[in-house]
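Undergrad: One structure, pasted below without further comment.
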Amino acid sequence: MLIDSSAVEHLSRTLLSSPSHGSLLLESKINPNTAYQKQQDTLIVWSEAENYDLALSFQEKAGCDEIWEKICQVQGKDPSVEVTQDLIDESEEERFEEMPETSHLIDLPTCELNKLEEIADLVTSVLSSPIRREKLALALENEGYIKKLLQLFQVCENLENTEGLHHLYEIIRGILFLNKATLFEVMFSDECIMDVVGCLEYDPALAQPKRHREFLTKTAKFKEVIPITDSELRQKIHQTYRVQYIQDIILPTPSVFEENFLSTLTSFIFFNKVEIVSMLQEDEKFLSEVFAQLTDEATDDDKRRELVNFFKEFCAFSQTLQPQNRDAFFKTLAKLGILPALEIVMGMDDLQVRSAATDIFSYLVEFSPSMVREFVMQEAQQSDDDILLINVVIEQMICDTDPELGGAVQLMGLLRTLIDPENMLATANVRKCKGKTEKSEFLNFFYNHCMHVLTAPLLANTSEDKCGKDAVVGSNKSNTICPDNYQTAQLLALILELLTFCVEHHTYHIKNYIMNKDLLRRVLVLMNSKHTFLALCALRFMRRIIGLKDEFYNRYITKGNLFEPVINALLDNGTRYNLLNSAVIELFEFIRVEDIKSLTAHIVENFYKALESIEYVQTFKGLKTKYEQEKDRQNQKLNSVPSILRSNRFRRDARALEEDEEMWFNEDEEEEGEAVVPPIEKSKQEDDFPDSYEKFMETKKAKESEDKENLPKRTSAGGFKFTFSHSASAANGANSTNNKSVAAQTSPASSNGSSSKNINLTTAVTAAKQGSLVGLVDYPDDEEEEEEEETSPRKRPRLGS
């Protein structure tokens with residue numbers, strides 16, 4: 001749109017016309033008192049009425065300047081200015097504050113019954129103007145007007161003057177919206193506050209008045225868990241409760257335009273709470289008495305419930321403190337023994353007490369996880385594991401009776417905060433730990449004293465003894481969890497979420513625990529759950545482990561044949577395109593993309609025949625391609641090595657290789673809590689892979705005909721099925737006559753009873769013992785090599801039962 005210069009008529013009118021057909025779009029009179037403002041050389045803005053702003057935009061600066069000159073000429077201003085009139089803004093409000101208090105005050109009508117409507121209109125009309133609000137507040141304060149209004153309220157209520165009561169509602173509500181702390185001091189005093197509440201009962205929009213005063217005086221009872229002798233503190237507590245009630249219950253939710261009107265009321269409540277916390281904190285005798293009764297065995301349950309609820313509210317009030325004061329507050333509570341007291345009440349049968357204690361514990365953990373960790377580590381030196389605070393928390397999580405496990409979810413979040421290395425101190429605490437960091441010391445403590453409590457439900461619900469009795473041979477669900485109800489599944493999902501967090505953040509501590517307890521095998525039993533979300537949790541746990549690309553984990557998975565339950569779940573899922581299907585495919589796709597050679601070889605050698613029919617994704621064909629490329633690369637590398645070197649390098653007997661593997665699994669357990677998985681061992685295991693790989697391939701070709709007899713049976717749907725055993729002995733390489741698991745390329749059990757789970761190496765050894773291949777000769781060079789390895793101070797990781 002353009003402004004035509006001829007549109008200025010008699011220097012007092014601007015016309016806005018369309019440049020295409022010259023039709024009139026806007027006519028605006030130039031008002032001598034209107035503030036016009038020029039912006040960015042091509043824009044003129046002004047307001048013609050309340051909430052009615054206009055702006056003219058010009059294509060060229062010259063057109064804007066021409067109109068601006070005409071406007072300035074009408075108003076008698078210099079065209080060099082950018083604003084023709086002084087704008088009313090915050091600066092005027094500031095100037096108003098500097099004016100004498102008695103100047104320009106609003107004249108209030110006399111406080112009489114017949115003037116209530118006039119007073120209500122006045123109070124309502126000033127709310128849109130900050131300056132007028134200030135003037136009205138000052139007038140109300142100077143004349144003691146509020147007390148006079150409340151006296152009229154009593155008269156109206158006695159006379160049942162409904163119209164007057166409705167006007168008083170509007171007046172008192174409007175005064176609250178003036179947002180002045182000095183007025184609040186008068187309105188919320190003991191003398192006036194109940195009459196203020198009474199005025200607010202008579203909302204004209206309601207058919208019947210509310211009964212807020214009856215609730216505050218009769219229903220709401222002030223409970224003193226310990227008698228409060230300080231009268232000022234008692235008065236402050238009463239006032240804060242009532243003002244909070246006015247804000248939360250009586251006053252309607254403010255609109256977008258009113259949301260700032262009550263900011264001072266919020267601040268009033270805030271500072272009251274700060275005063276209450278400070279006054280209670282300074283009264284050490286009071287707090288000491290509270291703690292004494294809370295921990296006293298003679299205290300009855302009702303009293304203890306009130307004490308815990310008091311502390312819950314006390315901690316909630318503390319959130320209003322500044323960080324420095326809040327720090328002092330929680331240190332005072334810690335000094336008085338809040339954590340030992342929580343340990344007692346969290347173990348009580350009363351659900352309300354436990355819930356309140358959990359809320360208090362969450363405040364403490366949020367404030368200082370290190371303080372809680374230091375307490376539990378000191379406690380462990382004097383108490384049994386069963387009564388440790390963290391174990392009490394874990395037991396409360398496990399025993400949550402809520403069908404939706406609301407409390408368990410909250411406690412799980414607190415546990416995750418406590419075991420999160422990100423909020424642990426990186427510096428060593430010399431006084432406490434002889435140079436150990438908080439992370440090292442606490443994680444050692446947690447895995448020694450608490451992890452067995454956390455995993456107990458998981459191990460109990462996936463134990464062979466418990467589930468094997470009901471297993472049906474040949475059934476697709478032979479390894480089901482017991483019981484497989486919704487609440488148990490939810491609990492196990494929470495535990496798995498926490499364990500997955502540990503895999504991501506605890507490195508060797510969780511690695512040691514998984515291998516010692518054969519934990520992944522037990523977790524994968526949950527792949528058979530009828531609750532898909534639980535099966536996905538189990539799969540996610542394995543996915544995090546594989547995502548670390550750690551050869552220790554990879555060898556553990558292949559030795560235990562732990563892909564079997566995952567592939568069974570994929571085959572059982574059939575042609576359904578759902579989240580489980582996608583998650584399993586993504587797991588194998590990750591292995592393919594990241595080119596994890598040991599897992600690729602294991603999958604292709606043992607499961608490819610069952611998976612080759614899956615063609616809607618190229619994942620499994622891609623794995624086969626990767627496998628063949630690696631095999632060709634190894635053959636080329638082997639051919640490029642001179643024969644004399646090659647013969648030295650590949651002299652190890654398959655039997656010697658198996659003995660090393662058996663040693664790895666059968667070593668005695670180390671002292672509890674020590675890491676047995678040093679990172680430096682990884683390179684050695686990676687080097688072992690190509691050696692055994694070539695031998696196995698040679699053996700595999702010679703046994704091809706025998707393997708055909710042991711392929712997985714094709715199901716009626718055209719897929720393959722593997723039967724999965726989750727016994728720990730299979731993973732440890734122990735003799736297992738009851739092991740029914742059949743892998744695609746595993747030979748029948750040999751005379752020594754070696755586990756059928758040890759697929760790659762066991763196949764090679766079994767074939768050698770049956771005469772299909774003659775073992776290679778040992779050479780002295782190899783013996784010297786092995787002696788050097790045995791004398792190495794590095795520890796081998798192992799699996800414990």
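Naming scheme: A, B, ... for chains in displayed order of the structure tokens; residues 1 onward per chain; ligands 1 onward as shown.
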Please return as number ranges by chain: the residues of stretch 289-328 of chain A that backbone DSSP assigns to alpha helix (DSSP H).
TA: A: 289-295, 301-318, 323-328
Undergrad: In Å to one decimal, how far is atom CA of A:Ala583 from atom CA of A:Leu539?
TA: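 Computed distance, atom CA of A:Leu539 to atom CA of A:Ala583, equals 7.7 Å.
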Undergrad: What is the atom CA of A:Leu336-atom CA of A:Lys312 distance in Å, reported with one decimal?
TA: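 Separating atom CA of A:Leu336 from atom CA of A:Lys312 is a distance of 15.6 Å.
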Undergrad: Show which residues sit within 12 Å of A:Phe153, as an NGL selection string. Count only C-alpha atoms, and ignore same-chain residues fewer than 5 positions away.
TA: :A and (111-113 or 116 or 146-148 or 158-169 or 171-172 or 192 or 194-202)
Undergrad: Go through A:Ile344, A:Val126, A:Leu498, A:Leu492 one by one, measure the shortest atom-to-atom distance of each to A:Leu415 using only C-alpha atoms, and give the residue with the smallest value.
TA: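 The shortest atom-to-atom distance to A:Leu415 comes from A:Leu498.
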